[in-house]
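Text of run-v7.cif (mmCIF, N, CA and C atoms) as supplied:
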```
data_my_file
#
loop_
_atom_site.group_PDB
_atom_site.id
_atom_site.type_symbol
_atom_site.label_atom_id
_atom_site.label_comp_id
_atom_site.auth_asym_id
_atom_site.auth_seq_id
_atom_site.Cartn_x
_atom_site.Cartn_y
_atom_site.Cartn_z
ATOM 1 N N MET A 1462 96.052 124.703 108.236
ATOM 2 C CA MET A 1462 95.835 125.705 107.214
ATOM 3 C C MET A 1462 95.397 125.008 105.926
ATOM 4 N N PRO A 1463 94.201 125.308 105.429
ATOM 5 C CA PRO A 1463 93.707 124.654 104.223
ATOM 6 C C PRO A 1463 94.509 125.033 102.988
ATOM 7 N N ASP A 1464 94.650 124.056 102.096
ATOM 8 C CA ASP A 1464 95.338 124.273 100.820
ATOM 9 C C ASP A 1464 94.294 124.719 99.803
ATOM 10 N N ALA A 1465 94.494 125.879 99.203
ATOM 11 C CA ALA A 1465 93.526 126.436 98.257
ATOM 12 C C ALA A 1465 93.341 125.545 97.037
ATOM 13 N N GLY A 1466 94.334 124.698 96.723
ATOM 14 C CA GLY A 1466 94.250 123.847 95.549
ATOM 15 C C GLY A 1466 93.592 122.503 95.807
ATOM 16 N N VAL A 1467 93.140 122.262 97.044
ATOM 17 C CA VAL A 1467 92.568 120.964 97.391
ATOM 18 C C VAL A 1467 91.051 121.084 97.486
ATOM 19 N N ASP A 1468 90.353 120.178 96.833
ATOM 20 C CA ASP A 1468 88.902 120.132 96.901
ATOM 21 C C ASP A 1468 88.500 119.636 98.298
ATOM 22 N N GLU A 1469 87.678 120.406 98.997
ATOM 23 C CA GLU A 1469 87.304 120.072 100.374
ATOM 24 C C GLU A 1469 86.558 118.751 100.466
ATOM 25 N N MET A 1470 85.723 118.446 99.487
ATOM 26 C CA MET A 1470 84.977 117.180 99.497
ATOM 27 C C MET A 1470 85.932 115.999 99.327
ATOM 28 N N GLU A 1471 86.892 116.139 98.425
ATOM 29 C CA GLU A 1471 87.871 115.068 98.224
ATOM 30 C C GLU A 1471 88.726 114.888 99.468
ATOM 31 N N GLU A 1472 89.091 116.000 100.094
ATOM 32 C CA GLU A 1472 89.895 115.927 101.304
ATOM 33 C C GLU A 1472 89.114 115.237 102.423
ATOM 34 N N ALA A 1473 87.840 115.557 102.558
ATOM 35 C CA ALA A 1473 87.004 114.924 103.574
ATOM 36 C C ALA A 1473 86.869 113.427 103.298
ATOM 37 N N ALA A 1474 86.708 113.058 102.034
ATOM 38 C CA ALA A 1474 86.597 111.645 101.672
ATOM 39 C C ALA A 1474 87.897 110.909 101.973
ATOM 40 N N ALA A 1475 89.031 111.549 101.700
ATOM 41 C CA ALA A 1475 90.328 110.935 102.001
ATOM 42 C C ALA A 1475 90.480 110.739 103.504
ATOM 43 N N GLY A 1476 90.078 111.735 104.283
ATOM 44 C CA GLY A 1476 90.133 111.608 105.736
ATOM 45 C C GLY A 1476 89.265 110.467 106.229
ATOM 46 N N HIS A 1477 88.082 110.332 105.654
ATOM 47 C CA HIS A 1477 87.180 109.235 106.010
ATOM 48 C C HIS A 1477 87.816 107.884 105.679
ATOM 49 N N ASP A 1478 88.407 107.779 104.489
ATOM 50 C CA ASP A 1478 89.073 106.535 104.086
ATOM 51 C C ASP A 1478 90.198 106.177 105.051
ATOM 52 N N LEU A 1479 90.988 107.176 105.436
ATOM 53 C CA LEU A 1479 92.077 106.931 106.385
ATOM 54 C C LEU A 1479 91.532 106.471 107.731
ATOM 55 N N PHE A 1480 90.487 107.114 108.197
ATOM 56 C CA PHE A 1480 89.880 106.751 109.471
ATOM 57 C C PHE A 1480 89.410 105.299 109.438
ATOM 58 N N GLU A 1481 88.737 104.901 108.348
ATOM 59 C CA GLU A 1481 88.264 103.521 108.213
ATOM 60 C C GLU A 1481 89.425 102.531 108.160
ATOM 61 N N ALA A 1482 90.482 102.888 107.442
ATOM 62 C CA ALA A 1482 91.647 102.001 107.354
ATOM 63 C C ALA A 1482 92.268 101.795 108.729
ATOM 64 N N VAL A 1483 92.411 102.867 109.495
ATOM 65 C CA VAL A 1483 92.981 102.766 110.840
ATOM 66 C C VAL A 1483 92.097 101.886 111.713
ATOM 67 N N ALA A 1484 90.790 102.043 111.616
ATOM 68 C CA ALA A 1484 89.871 101.228 112.413
ATOM 69 C C ALA A 1484 90.014 99.742 112.072
ATOM 70 N N ARG A 1485 90.125 99.416 110.779
ATOM 71 C CA ARG A 1485 90.299 98.010 110.367
ATOM 72 C C ARG A 1485 91.619 97.448 110.885
ATOM 73 N N ILE A 1486 92.665 98.253 110.800
ATOM 74 C CA ILE A 1486 93.987 97.818 111.255
ATOM 75 C C ILE A 1486 93.969 97.568 112.754
ATOM 76 N N GLN A 1487 93.368 98.482 113.503
ATOM 77 C CA GLN A 1487 93.278 98.308 114.953
ATOM 78 C C GLN A 1487 92.443 97.084 115.301
ATOM 79 N N ALA A 1488 91.356 96.852 114.564
ATOM 80 C CA ALA A 1488 90.503 95.690 114.811
ATOM 81 C C ALA A 1488 91.261 94.385 114.595
ATOM 82 N N ALA A 1489 92.283 94.426 113.751
ATOM 83 C CA ALA A 1489 93.114 93.242 113.503
ATOM 84 C C ALA A 1489 94.199 93.087 114.560
ATOM 85 N N GLY A 1490 94.221 93.996 115.541
ATOM 86 C CA GLY A 1490 95.202 93.907 116.614
ATOM 87 C C GLY A 1490 96.559 94.491 116.268
ATOM 88 N N ILE A 1491 96.599 95.320 115.259
ATOM 89 C CA ILE A 1491 97.857 95.918 114.800
ATOM 90 C C ILE A 1491 97.871 97.388 115.197
ATOM 91 N N ASP A 1492 99.016 97.856 115.662
ATOM 92 C CA ASP A 1492 99.180 99.273 115.975
ATOM 93 C C ASP A 1492 99.434 100.007 114.662
ATOM 94 N N PRO A 1493 98.512 100.859 114.214
ATOM 95 C CA PRO A 1493 98.675 101.510 112.912
ATOM 96 C C PRO A 1493 99.901 102.410 112.831
ATOM 97 N N GLU A 1494 100.275 103.042 113.928
ATOM 98 C CA GLU A 1494 101.460 103.907 113.899
ATOM 99 C C GLU A 1494 102.730 103.093 113.700
ATOM 100 N N VAL A 1495 102.813 101.945 114.363
ATOM 101 C CA VAL A 1495 103.983 101.079 114.211
ATOM 102 C C VAL A 1495 104.041 100.547 112.780
ATOM 103 N N ALA A 1496 102.893 100.127 112.250
ATOM 104 C CA ALA A 1496 102.844 99.599 110.885
ATOM 105 C C ALA A 1496 103.243 100.663 109.868
ATOM 106 N N LEU A 1497 102.750 101.882 110.039
ATOM 107 C CA LEU A 1497 103.086 102.963 109.113
ATOM 108 C C LEU A 1497 104.558 103.327 109.204
ATOM 109 N N ARG A 1498 105.079 103.379 110.409
ATOM 110 C CA ARG A 1498 106.502 103.708 110.589
ATOM 111 C C ARG A 1498 107.379 102.659 109.897
ATOM 112 N N ALA A 1499 107.047 101.386 110.074
ATOM 113 C CA ALA A 1499 107.832 100.315 109.456
ATOM 114 C C ALA A 1499 107.764 100.393 107.932
ATOM 115 N N GLU A 1500 106.587 100.650 107.399
ATOM 116 C CA GLU A 1500 106.441 100.742 105.941
ATOM 117 C C GLU A 1500 107.172 101.955 105.390
ATOM 118 N N THR A 1501 107.147 103.048 106.126
ATOM 119 C CA THR A 1501 107.861 104.251 105.706
ATOM 120 C C THR A 1501 109.356 103.986 105.617
ATOM 121 N N LEU A 1502 109.890 103.245 106.582
ATOM 122 C CA LEU A 1502 111.318 102.906 106.559
ATOM 123 C C LEU A 1502 111.646 101.987 105.384
ATOM 124 N N ARG A 1503 110.766 101.011 105.108
ATOM 125 C CA ARG A 1503 110.991 100.123 103.956
ATOM 126 C C ARG A 1503 110.972 100.922 102.656
ATOM 127 N N TYR A 1504 110.049 101.861 102.548
ATOM 128 C CA TYR A 1504 109.947 102.698 101.349
ATOM 129 C C TYR A 1504 111.208 103.541 101.183
ATOM 130 N N ARG A 1505 111.653 104.157 102.270
ATOM 131 C CA ARG A 1505 112.884 104.964 102.230
ATOM 132 C C ARG A 1505 114.069 104.114 101.778
ATOM 133 N N ASP A 1506 114.175 102.914 102.342
ATOM 134 C CA ASP A 1506 115.284 102.034 101.981
ATOM 135 C C ASP A 1506 115.215 101.624 100.512
ATOM 136 N N ARG A 1507 114.012 101.398 100.012
ATOM 137 C CA ARG A 1507 113.862 101.017 98.610
ATOM 138 C C ARG A 1507 114.268 102.165 97.693
ATOM 139 N N ILE A 1508 113.908 103.376 98.058
ATOM 140 C CA ILE A 1508 114.329 104.537 97.262
ATOM 141 C C ILE A 1508 115.846 104.638 97.266
ATOM 142 N N ARG A 1509 116.459 104.440 98.411
ATOM 143 C CA ARG A 1509 117.926 104.502 98.488
ATOM 144 C C ARG A 1509 118.573 103.434 97.615
ATOM 145 N N ARG A 1510 118.018 102.205 97.625
ATOM 146 C CA ARG A 1510 118.575 101.143 96.778
ATOM 147 C C ARG A 1510 118.408 101.489 95.298
ATOM 148 N N THR A 1511 117.278 102.098 94.954
ATOM 149 C CA THR A 1511 117.050 102.507 93.570
ATOM 150 C C THR A 1511 118.047 103.586 93.165
ATOM 151 N N GLU A 1512 118.307 104.531 94.058
ATOM 152 C CA GLU A 1512 119.296 105.577 93.780
ATOM 153 C C GLU A 1512 120.686 104.975 93.602
ATOM 154 N N GLU A 1513 121.014 103.954 94.392
ATOM 155 C CA GLU A 1513 122.313 103.293 94.245
ATOM 156 C C GLU A 1513 122.424 102.620 92.882
ATOM 157 N N LEU A 1514 121.338 101.996 92.423
ATOM 158 C CA LEU A 1514 121.346 101.371 91.097
ATOM 159 C C LEU A 1514 121.562 102.415 90.001
ATOM 160 N N ALA A 1515 120.991 103.587 90.190
ATOM 161 C CA ALA A 1515 121.125 104.651 89.186
ATOM 162 C C ALA A 1515 122.564 105.126 89.084
ATOM 163 N N GLY A 1516 123.284 105.105 90.184
ATOM 164 C CA GLY A 1516 124.684 105.508 90.175
ATOM 165 C C GLY A 1516 124.890 106.885 90.775
ATOM 166 N N ASP A 1517 126.135 107.155 91.113
ATOM 167 C CA ASP A 1517 126.494 108.434 91.727
ATOM 168 C C ASP A 1517 126.202 109.594 90.790
ATOM 169 N N GLY A 1518 125.623 110.624 91.346
ATOM 170 C CA GLY A 1518 125.380 111.844 90.590
ATOM 171 C C GLY A 1518 124.190 111.792 89.659
ATOM 172 N N VAL A 1519 123.463 110.669 89.647
ATOM 173 C CA VAL A 1519 122.302 110.546 88.768
ATOM 174 C C VAL A 1519 121.036 110.689 89.607
ATOM 175 N N SER A 1520 120.224 111.655 89.253
ATOM 176 C CA SER A 1520 118.948 111.858 89.932
ATOM 177 C C SER A 1520 117.907 110.931 89.314
ATOM 178 N N LEU A 1521 117.067 110.331 90.154
ATOM 179 C CA LEU A 1521 116.019 109.461 89.626
ATOM 180 C C LEU A 1521 115.096 110.229 88.686
ATOM 181 N N GLY A 1522 114.926 111.520 88.933
ATOM 182 C CA GLY A 1522 114.088 112.346 88.072
ATOM 183 C C GLY A 1522 114.654 112.532 86.677
ATOM 184 N N GLU A 1523 115.953 112.325 86.527
ATOM 185 C CA GLU A 1523 116.599 112.476 85.219
ATOM 186 C C GLU A 1523 116.412 111.246 84.338
ATOM 187 N N LEU A 1524 116.059 110.125 84.937
ATOM 188 C CA LEU A 1524 115.940 108.876 84.192
ATOM 189 C C LEU A 1524 114.632 108.822 83.414
ATOM 190 N N ALA A 1525 114.649 108.079 82.327
ATOM 191 C CA ALA A 1525 113.416 107.821 81.589
ATOM 192 C C ALA A 1525 112.492 107.005 82.488
ATOM 193 N N ASP A 1526 111.192 107.178 82.313
ATOM 194 C CA ASP A 1526 110.225 106.471 83.150
ATOM 195 C C ASP A 1526 110.459 104.963 83.145
ATOM 196 N N GLU A 1527 110.742 104.408 81.970
ATOM 197 C CA GLU A 1527 110.924 102.968 81.850
ATOM 198 C C GLU A 1527 112.138 102.496 82.656
ATOM 199 N N GLU A 1528 113.214 103.255 82.596
ATOM 200 C CA GLU A 1528 114.434 102.898 83.320
ATOM 201 C C GLU A 1528 114.208 102.988 84.830
ATOM 202 N N ARG A 1529 113.548 104.053 85.251
ATOM 203 C CA ARG A 1529 113.260 104.227 86.674
ATOM 204 C C ARG A 1529 112.347 103.102 87.163
ATOM 205 N N ASP A 1530 111.335 102.738 86.370
ATOM 206 C CA ASP A 1530 110.432 101.647 86.744
ATOM 207 C C ASP A 1530 111.170 100.318 86.825
ATOM 208 N N ARG A 1531 112.085 100.087 85.888
ATOM 209 C CA ARG A 1531 112.861 98.839 85.896
ATOM 210 C C ARG A 1531 113.686 98.743 87.171
ATOM 211 N N MET A 1532 114.352 99.839 87.534
ATOM 212 C CA MET A 1532 115.166 99.847 88.752
ATOM 213 C C MET A 1532 114.301 99.669 89.993
ATOM 214 N N TRP A 1533 113.139 100.304 90.002
ATOM 215 C CA TRP A 1533 112.229 100.200 91.144
ATOM 216 C C TRP A 1533 111.808 98.743 91.333
ATOM 217 N N LYS A 1534 111.505 98.068 90.225
ATOM 218 C CA LYS A 1534 111.104 96.660 90.305
ATOM 219 C C LYS A 1534 112.251 95.785 90.790
ATOM 220 N N GLN A 1535 113.473 96.138 90.422
ATOM 221 C CA GLN A 1535 114.644 95.374 90.867
ATOM 222 C C GLN A 1535 114.819 95.430 92.380
ATOM 223 N N THR A 1536 114.381 96.506 92.988
ATOM 224 C CA THR A 1536 114.593 96.680 94.426
ATOM 225 C C THR A 1536 113.460 96.101 95.259
ATOM 226 N N ARG A 1537 112.474 95.527 94.610
ATOM 227 C CA ARG A 1537 111.351 94.933 95.348
ATOM 228 C C ARG A 1537 111.887 93.809 96.225
ATOM 229 N N ALA A 1538 111.615 93.922 97.502
ATOM 230 C CA ALA A 1538 112.158 92.929 98.450
ATOM 231 C C ALA A 1538 111.173 91.826 98.729
#
```

Can you present the structure in this file as structure tokens?
Amino acid sequence: MPDAGVDEMEEAAAGHDLFEAVARIQAAGIDPEVALRAETLRYRDRIRRTEELAGDGVSLGELADEERDRMWKQTRA
């Protein structure tokens, strides 16, 4: 179902970019689904570590941009 707020040309270009990226990854002998799944898990874990730094009951959205960025950088593995 198309999103009325999305420019069709931009969406087509994004799809093309993704297709090319997958082709390059496969050409390097890497399974793109496995690579994406692993990166998604690392990203999730980094968000969780950032939330732990913020403390109980504190939403990352409530923090000032600078504070959130500082915590995000601290969790870089």

Interatomic distance (Å, one decimal) between atom CA of Arg1485 of chain A and atom CA of Arg1498 of chain A
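Atom CA of Arg1485 of chain A sits 17.2 Å away from atom CA of Arg1498 of chain A.
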
Let me make sure I understand: among A:Ala1525, A:Val1519, A:Arg1509, A:Val1483, which one has the smallest atom-to-atom distance to Val1495 of chain A if we use only C-alpha atoms?
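Residue with the minimum atom-to-atom distance to Val1495 of chain A: A:Val1483.
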
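When only C-alpha atoms are used to measure the gap to Arg1531 of chain A, the shortest distance among A:Thr1511, A:Gly1518, A:Val1467, A:Leu1502 belongs to A:Thr1511.
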
Segment 1482-1492 of chain A: axis-aligned bounding box, 3 Å on each side, centre and edge lengths in Å, one decimal, as lines of an AutoDock Vina configuration file:
```
center_x = 94.7
center_y = 98.0
center_z = 112.0
size_x = 15.6
size_y = 15.8
size_z = 15.3
```

For the atom pair atom C of Glu1481 of chain A and atom N of Leu1497 of chain A, what is the interatomic distance in Å to one decimal place?
13.5 Å

Just to confirm, what's the straight-line distance from atom C of Lys1534 of chain A to atom CA of Ile1508 of chain A in Å (one decimal)?
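Result for atom C of Lys1534 of chain A versus atom CA of Ile1508 of chain A: 11.1 Å, one decimal.
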
Please return as a ChimeraX atom specification: the residues of chain A that backbone DSSP assigns to alpha helix (DSSP H).
/A:1469-1488,1493-1515,1526-1535

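With only N, CA and C atoms as the basis for measurement, A:Met1532 is the residue among A:Ala1473, A:Ile1491, A:Met1532, A:Ala1465 that approaches Leu1514 of chain A most closely.
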